[in-house]
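Take a look at the structure set out below.
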Amino acid sequence: MRGLSLKHVLILLLAVVLVGLWASQAHAQEPTPIPVTDDQVNAIAKQLYCPVCENVPLDVCGTQACAQWRALIREQLSKGWTEEQIKQYFAEQYGARVLAEPPRQGLNWLVYIVPPVALLLGAYLLFRGLQNWRRLAQEETVALAEAESAEEDKYLKQLEEELKRRGD
Amino acid sequence: MIANLGFGALFITFLVALYGIAAALWGEFKHKPEWVDSARNAMLLTFPLLSVSALSIIYLLVTNHYEVEYVSSVTSRVMPLYLKVTALWGGQAGSLVFWSWLMSSFASAVTLRKWDRDREFLPWVIVVALVTLAFFVGLSLFVENPFNRLWQLAGGQVVEKMFPPRGARLFTPTDGRGLNPLLRHPGMIIHPPMLYLGFVSFVIPYAFAMAALITGRTDDRWIRLTRRWTLWAWLFLSLGLILGARWAYDVLGWGGYWGWDPVEIAAFMPWLTGTAFLHSVMIQEKRGMLKQWNMVLIILTYDLVIFGTFLTRSGVLSSVHAFAQSAIGPLFFAFIGLTFIASMSLLMHRWNDLKAQAAMTSLLSREALFLLNNLLFLGILVVCFWGVIFPLLSELVTGQKVTVGPPFYERATGPLFAALLFLMAVAPLSAWGHSTVKTLGRALWKPAALSVLVVVLALVAGYRNVFALLAFFLIALVVTVTLYEYQRGVRARMKRHKESLGSALVELVRRNRRRYGGYLIHLSVAMLALGIVGIEMFQSETQGTLQIGESLQLGNYSMSYDSLAVFDTPDGRNVARAVVSVYRNGEYVGELHPRRDFFYDSGQPMTIPGVRSTLEDDFYVLLVDWEEISTQSATFKVYHNPLVQWVWLGGIAFIIGTLVAAWPDRERKETVALSARPHAMAAD
Amino acid sequence: MEGLLMNEHQNTPTPVENPQAETQRKVGWGRILAWGALLALLAVLALGLRRTQEGPVQVGDAAPEFTLTTFDGEQINLRDLRGKVVVVNFWASWCKPCEQEAADLEAAWRYYQPRGDVLFLGVNYVDTEPEARAYMQKFDITYPNGADLGTRISQAYRIRGVPETYVIDQEGVLRYAQIGPYSSLAQIQSQVDALLTTSP
């Protein structure tokens, strides 16, 4: 059992080495890298943030580090990586903060959920408030609408009535 | 020594402010008006004192006193005079003094007004203003002292202290480190002061609101008193934001003007609540409603002002604009906490006194629409606030930093801005108190038809983006409705008073400045929206490396690389300046000079775009890189920014509109004349 | 803050309806909500502030644990290195000041390597692998180096920039934090030697 195992391991090792050699050969013989334009690089760099200078997109960041990262994107593109793969790679290498938005997972969901919930809540409260006011108005049936306070408003009203009379 | 003079003045200001607070409180509680008057004098005294202090800093800056740490950190010998002066607000310590100075000038101005009818407000306005001032002066004195000097100890070590340590000698560096090159731009010279002016002037309405809450005089008196202040505060804040945007467009070299950076948002948040406040106070003035809500808004605005300053200066957030992190964070935090808790307690205390006097009759009335407007502004505020706070929260909870960037804000605020545009089109046509679908519909159909026509034209012109078409519709609606409102008024006046078109327009606006100034602001917002839609939805860019004579194509533009020169300037820059020719549809339209300035003193580069600007579009060229020495080839990044100039035109119209609305009345008689007018009309 | 708006109408005097008790209760809720929101906000700010004020990991505390995958594919866990003095150096190829100390660090490593109870670790902070390898080749760096994946290690040590170096003793306690580059080989040796002599 033991001897067999050793043999096995040796064969396996040999196989791995052979496959590895073949693979690296194949890798070396891979067709010439895909040509990549600056625009393609920038299109992706735009969506990524420089990990060391806060809040600066990678496409406009002037530091040497950023130039290196753009070169990295170019290299990855020339290897045929997709946009998603590149972004994924950057997030893994340099942390989630290189992404323009927090990845949609765990606690980060809060960032997407809270604003609409707050807005809906506000809208609901506003609606309730308005309804209540309206009910009050109907109950009181006092023509409060006529109670204009500012002098300039009297003038305005006059102006508007004037307009109405003239059928404008 | 000038530094000692400045420091002394600052110290005395602090004492005077503390005295003023104490005197005002004593006078109020003991019913001794002479103490309140003394407090008033104390408030007035802070302005000359702070002027001495600020002028001392300017003197030190201009005369190259590099033994003063602040001076050596923000100036250098090669900097021109005007930049040395403006370096007053180029760093943390100086800008705090500058802030206090502006604050004291506003507080003094408000103290000088006639107080006969509102004497009960006076002590409390003084207390609130002086507490705020004392806080900022205290920061300068104890934490961020701009007069700190450099001392060389016996051991050769150099330390930064106000007063000499034992056995130390004054240490004077031969040159300063220079101002951050990003700040060496005309826009940057006016942008921070405008922003600070906006910030400090919001302190005044807040002080009055607090005075109203404390004294229990909770009618709309405080709002009437501070109406103009609020408008001016709002004007400065808006101007600050617009100039900041322009600066970013001209200097930061990323083809845009607004990057949803936390610090930009920090300045934007008080603007949002301030704008909501400006609208909702009208409801209180006209209908006696929303008193509680207005208090909430002014408290929020004030605390967002302080909060914004805190965010930028405490190092809690990292951002391109952030000052170096410093020890002022905890103090700021304590101040925010105290003011927030104090104002909220006061508000709760008076909650029941702030009841509404009127009721709402229609869901389509102007006040209902204003409330909706408030909801939308607050919605945008929540998005902004949450986006700024969330990275902090995430780091605390998960230990991981995240970025909340433009895609988030654009997606979340886009619909809200669109809804605001729609409201802006509808609300002017609705009436106070009562409106129905029928009355509104009747007023709206003509402008709506015109706007649909605009959309059809856009479709014919080849625009297919649904969101852009919707935006065009809304913008057209705002413009037509607003012009319609003007036209209605002008026509009525022309018929009524047999006036010419021009004089009818002038008279109409003059007699109703707040209303027609406001409409002008609406028009300007439509212009801004047009520019924003243009750059947000139709911006395109390309980058390429060109040999001399080669050209790069973008849309119907092309540019060719003519030459590049690298040279030193007397003010300490190494400039690489390219000459490119721009062609539009194959026709030569001009030359642009994108450059890269390298500042020797600070070791920082700056990329200055070459821009050709027309009403239709901007062609924006950046010099990215070039081949050294031979300069045979260079890399350019080119942006095509459609309609972006409308942002700046809108900004100018915005300022004019606000000025029309906020300009002080020439005389009190004006109102008398106004109130007499309706009778004349009625008798007609 | 919307919580406040809610109460706007409920306090309006109404001739009929709205039992007083109900109004009271709702007002109470609005207030609790408003105060809760304010306090929560202040708490987040306070904690965030504390974090920024905290600075790097304190000397004398246990050094944060981490696992570094080296460029050669080896996994190194700090926990497994008890009994050794560990010098953790954060660096990047785009970092100019790092170059000042690179030769000294390598010299120090070669000086201590034969002893076997000192380990130097290079943590490559937000960098690209080809550039990092080129840098290591340039300065002939032979101690284990690896990329700081997802900036987890640098965040654990709350570094403010590169270079920063942390010297951890045999018990896993942080004993020196060097912010900025070392100025000389002697400086590195003095820190390491101090730990080698104090511990048995």
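Going through the structure tokens in order, the chains are called A, B, and so on, while each chain numbers its residues from 1 and the ligands are numbered from 1 in the order shown.
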
Could you give me, as a tab-separated table, every chain B residue with an atom at most 8 Å from chain C, plus its closest atom pair and distance in Å to one decimal, counting only C-alpha atoms, rows ordered by chain then number?
```
residue	atom	partner	partner_atom	distance
B:Leu290	CA	C:Glu8	CA	7.2
B:Gln292	CA	C:Glu8	CA	6.7
B:Trp293	CA	C:Leu5	CA	6.2
B:Val296	CA	C:Leu4	CA	7.8
B:Ser314	CA	C:Leu49	CA	7.8
B:Gly315	CA	C:Thr52	CA	6.8
B:Val316	CA	C:Leu49	CA	5.7
B:Ala327	CA	C:Gln53	CA	7.9
B:Gly329	CA	C:Leu49	CA	6.9
B:Pro330	CA	C:Leu49	CA	7.2
B:Phe333	CA	C:Ala46	CA	7.3
B:Gly337	CA	C:Leu42	CA	6.8
B:Met348	CA	C:Arg31	CA	7.9
B:Asn352	CA	C:Asn11	CA	6.5
B:Lys355	CA	C:Thr12	CA	5.7
B:Ala356	CA	C:Thr12	CA	6.2
B:Leu392	CA	C:Gly48	CA	6.2
B:Leu393	CA	C:Val44	CA	6.6
B:Leu396	CA	C:Gly48	CA	6.8
B:Gly399	CA	C:Gln155	CA	7.6
B:Gln400	CA	C:Gln155	CA	7.7
```

Output C-alpha atoms for every residue in the selection just made, as an mmCIF file, in the first residue's frame.
```cif
data_model
loop_
_atom_site.group_PDB
_atom_site.id
_atom_site.type_symbol
_atom_site.label_atom_id
_atom_site.label_comp_id
_atom_site.auth_asym_id
_atom_site.auth_seq_id
_atom_site.Cartn_x
_atom_site.Cartn_y
_atom_site.Cartn_z
ATOM 1 C CA LEU B 290 -45.121 74.603 9.216
ATOM 2 C CA GLN B 292 -42.173 73.413 13.617
ATOM 3 C CA TRP B 293 -40.825 72.221 10.324
ATOM 4 C CA VAL B 296 -36.215 71.802 12.133
ATOM 5 C CA SER B 314 -11.174 66.502 11.462
ATOM 6 C CA GLY B 315 -9.682 63.854 9.229
ATOM 7 C CA VAL B 316 -12.686 61.601 9.807
ATOM 8 C CA ALA B 327 -6.622 67.563 16.890
ATOM 9 C CA GLY B 329 -11.876 66.756 15.656
ATOM 10 C CA PRO B 330 -12.991 65.994 19.219
ATOM 11 C CA PHE B 333 -17.596 66.817 17.738
ATOM 12 C CA GLY B 337 -23.288 67.413 19.844
ATOM 13 C CA MET B 348 -39.240 70.018 21.755
ATOM 14 C CA ASN B 352 -46.786 72.829 21.183
ATOM 15 C CA LYS B 355 -48.843 74.887 16.167
ATOM 16 C CA ALA B 356 -50.208 75.659 12.764
ATOM 17 C CA LEU B 392 -17.445 55.469 8.182
ATOM 18 C CA LEU B 393 -20.071 53.058 9.424
ATOM 19 C CA LEU B 396 -16.455 50.638 12.081
ATOM 20 C CA GLY B 399 -13.254 47.015 9.362
ATOM 21 C CA GLN B 400 -13.361 47.369 5.612
#
```

Mind checking which residues fall within 12 Å of region 111-121 of chain A, counting only C-alpha atoms, ignoring those fewer than 4 positions away in the same chain, and posting them as a PyMOL selection string? (chain A and resi 101-107+125-128) or (chain B and resi 372+374-394+402-405+407-409+411-413+415-416) or (chain C and resi 1-3+5-6)

Show which residues sit within 12 Å of Pro570 (chain B), as a list in words. Count only C-alpha atoms, and ignore same-chain residues fewer than 2 positions away. Arg77, Val78, Met79, Pro80, Phe567, Asp568, Gly572, Arg573, Asn574, Val575, Phe599 and Tyr600 of chain B

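Our summary of the geometry notes that CA of Leu33 (chain C) is positioned 20.7 Å from CA of Phe307 (chain B).
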
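Pairwise distance (CA of Lys495 (chain B), CA of Ser430 (chain B)) equals 23.8 Å.
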
Contacts of region 96-103 of chain C within 10 Å, only C-alpha atoms, excl. fewer than 2 positions in-chain, as a PyMOL selection string: chain C and resi 89-94+105-109+135-136+138-141+162-164+180-185+188

List as a ChimeraX atom specification the protein and nucleic acid residues near Val71 (chain B), meaning an atom at most 12 Å away when only C-alpha atoms are counted, but skip any in the same chain fewer than 3 places from it. /B:3,56-68,74-77,84-94,145-150,172-179

Taking only residues of chain A that have an atom at most 10 Å from an atom of chain C, what is each one's shortest atom pair and its distance in Å to one decimal, using only C-alpha atoms, in chain and number order, as a tab-separated table?
```
residue	atom	partner	partner_atom	distance
A:Cys50	CA	C:Val126	CA	9.6
A:Pro51	CA	C:Val126	CA	6.9
A:Val52	CA	C:Val126	CA	7.5
A:Thr63	CA	C:Trp94	CA	8.8
A:Gln64	CA	C:Trp94	CA	6.3
A:Ala65	CA	C:Trp94	CA	5.4
A:Cys66	CA	C:Trp94	CA	9.2
A:Ala67	CA	C:Trp94	CA	9.8
A:Gln68	CA	C:Thr128	CA	7.0
A:Trp69	CA	C:Thr128	CA	6.9
A:Ala71	CA	C:Thr128	CA	9.3
A:Leu72	CA	C:Thr128	CA	7.1
A:Tyr89	CA	C:Gly150	CA	9.7
A:Phe90	CA	C:Gly150	CA	8.4
A:Ala91	CA	C:Gly150	CA	6.7
A:Glu92	CA	C:Gly150	CA	5.1
A:Gln93	CA	C:Gly150	CA	4.6
A:Tyr94	CA	C:Gly150	CA	4.2
A:Gly95	CA	C:Gly150	CA	3.7
A:Ala96	CA	C:Gly150	CA	7.3
A:Arg97	CA	C:Gly150	CA	9.1
A:Val98	CA	C:Gly150	CA	9.7
A:Ala118	CA	C:Glu2	CA	8.2
A:Leu119	CA	C:Glu2	CA	9.1
A:Leu121	CA	C:Glu2	CA	7.8
A:Gly122	CA	C:Glu2	CA	5.7
A:Ala123	CA	C:Glu2	CA	9.3
A:Tyr124	CA	C:Met6	CA	9.4
A:Leu125	CA	C:Met6	CA	5.7
A:Leu126	CA	C:Met6	CA	7.4
A:Phe127	CA	C:Met6	CA	9.9
A:Arg128	CA	C:Met6	CA	8.1
A:Gly129	CA	C:His9	CA	6.0
A:Leu130	CA	C:His9	CA	8.5
A:Gln131	CA	C:His9	CA	9.7
A:Asn132	CA	C:His9	CA	6.8
A:Trp133	CA	C:His9	CA	6.8
A:Leu136	CA	C:Thr14	CA	7.3
A:Glu139	CA	C:Pro15	CA	8.7
A:Glu140	CA	C:Pro15	CA	8.6
```

Residues from the last selection, C-alpha atoms, saved as an mmCIF file, in the first residue's frame:
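To be explicit, this is the file written out as part.cif:
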```
data_model
loop_
_atom_site.group_PDB
_atom_site.id
_atom_site.type_symbol
_atom_site.label_atom_id
_atom_site.label_comp_id
_atom_site.auth_asym_id
_atom_site.auth_seq_id
_atom_site.Cartn_x
_atom_site.Cartn_y
_atom_site.Cartn_z
ATOM 1 C CA CYS A 50 -7.054 54.785 -6.789
ATOM 2 C CA PRO A 51 -6.431 52.730 -3.634
ATOM 3 C CA VAL A 52 -3.921 55.155 -2.152
ATOM 4 C CA THR A 63 0.650 59.440 -9.633
ATOM 5 C CA GLN A 64 3.169 56.818 -10.637
ATOM 6 C CA ALA A 65 1.195 54.185 -8.735
ATOM 7 C CA CYS A 66 -1.885 54.914 -10.824
ATOM 8 C CA ALA A 67 0.130 54.693 -14.027
ATOM 9 C CA GLN A 68 1.226 51.229 -12.874
ATOM 10 C CA TRP A 69 -2.355 50.189 -12.267
ATOM 11 C CA ALA A 71 -0.571 49.399 -17.146
ATOM 12 C CA LEU A 72 -1.893 46.418 -15.212
ATOM 13 C CA TYR A 89 -9.165 41.224 -9.398
ATOM 14 C CA PHE A 90 -8.743 44.790 -8.206
ATOM 15 C CA ALA A 91 -11.289 44.349 -5.424
ATOM 16 C CA GLU A 92 -9.530 41.197 -4.232
ATOM 17 C CA GLN A 93 -6.079 42.691 -4.428
ATOM 18 C CA TYR A 94 -6.714 46.133 -3.037
ATOM 19 C CA GLY A 95 -9.955 45.881 -1.089
ATOM 20 C CA ALA A 96 -13.529 46.891 -1.808
ATOM 21 C CA ARG A 97 -12.747 50.583 -1.700
ATOM 22 C CA VAL A 98 -11.333 50.547 -5.223
ATOM 23 C CA ALA A 118 -36.408 57.069 4.206
ATOM 24 C CA LEU A 119 -37.975 58.739 1.190
ATOM 25 C CA LEU A 121 -41.411 56.998 4.962
ATOM 26 C CA GLY A 122 -41.207 60.743 4.428
ATOM 27 C CA ALA A 123 -43.738 60.564 1.611
ATOM 28 C CA TYR A 124 -46.090 58.544 3.786
ATOM 29 C CA LEU A 125 -45.818 60.993 6.662
ATOM 30 C CA LEU A 126 -46.315 63.921 4.339
ATOM 31 C CA PHE A 127 -49.363 62.302 2.807
ATOM 32 C CA ARG A 128 -50.841 61.574 6.227
ATOM 33 C CA GLY A 129 -50.154 65.127 7.309
ATOM 34 C CA LEU A 130 -51.786 66.594 4.235
ATOM 35 C CA GLN A 131 -54.865 64.434 4.658
ATOM 36 C CA ASN A 132 -55.178 65.436 8.242
ATOM 37 C CA TRP A 133 -54.919 69.081 7.362
ATOM 38 C CA LEU A 136 -59.369 69.928 9.530
ATOM 39 C CA GLU A 139 -64.383 70.617 9.500
ATOM 40 C CA GLU A 140 -63.685 74.205 10.167
#
```

Residues near region 631-640 of chain B, cut-off 10 Å, only C-alpha atoms, skip fewer than 6 positions along chain, as number ranges by chain: A: 38-39, 42, 60; B: 253-256, 535, 538-550, 552-559, 561-566, 576, 578, 580, 594, 609-612, 617-625

List as a PyMOL selection string the protein and nucleic acid residues near Ile73 (chain A), meaning an atom at most 12 Å away when only C-alpha atoms are counted, but skip any in the same chain fewer than 4 places from it. (chain A and resi 36-48+58-59+66-69+77-90) or (chain C and resi 128)

From a DSSP calculation on the backbone, collect every residue of region 26-165 of chain C in alpha helix (DSSP H) and output the set as a PyMOL selection string. chain C and resi 26-54+96-112+129-138+152-156
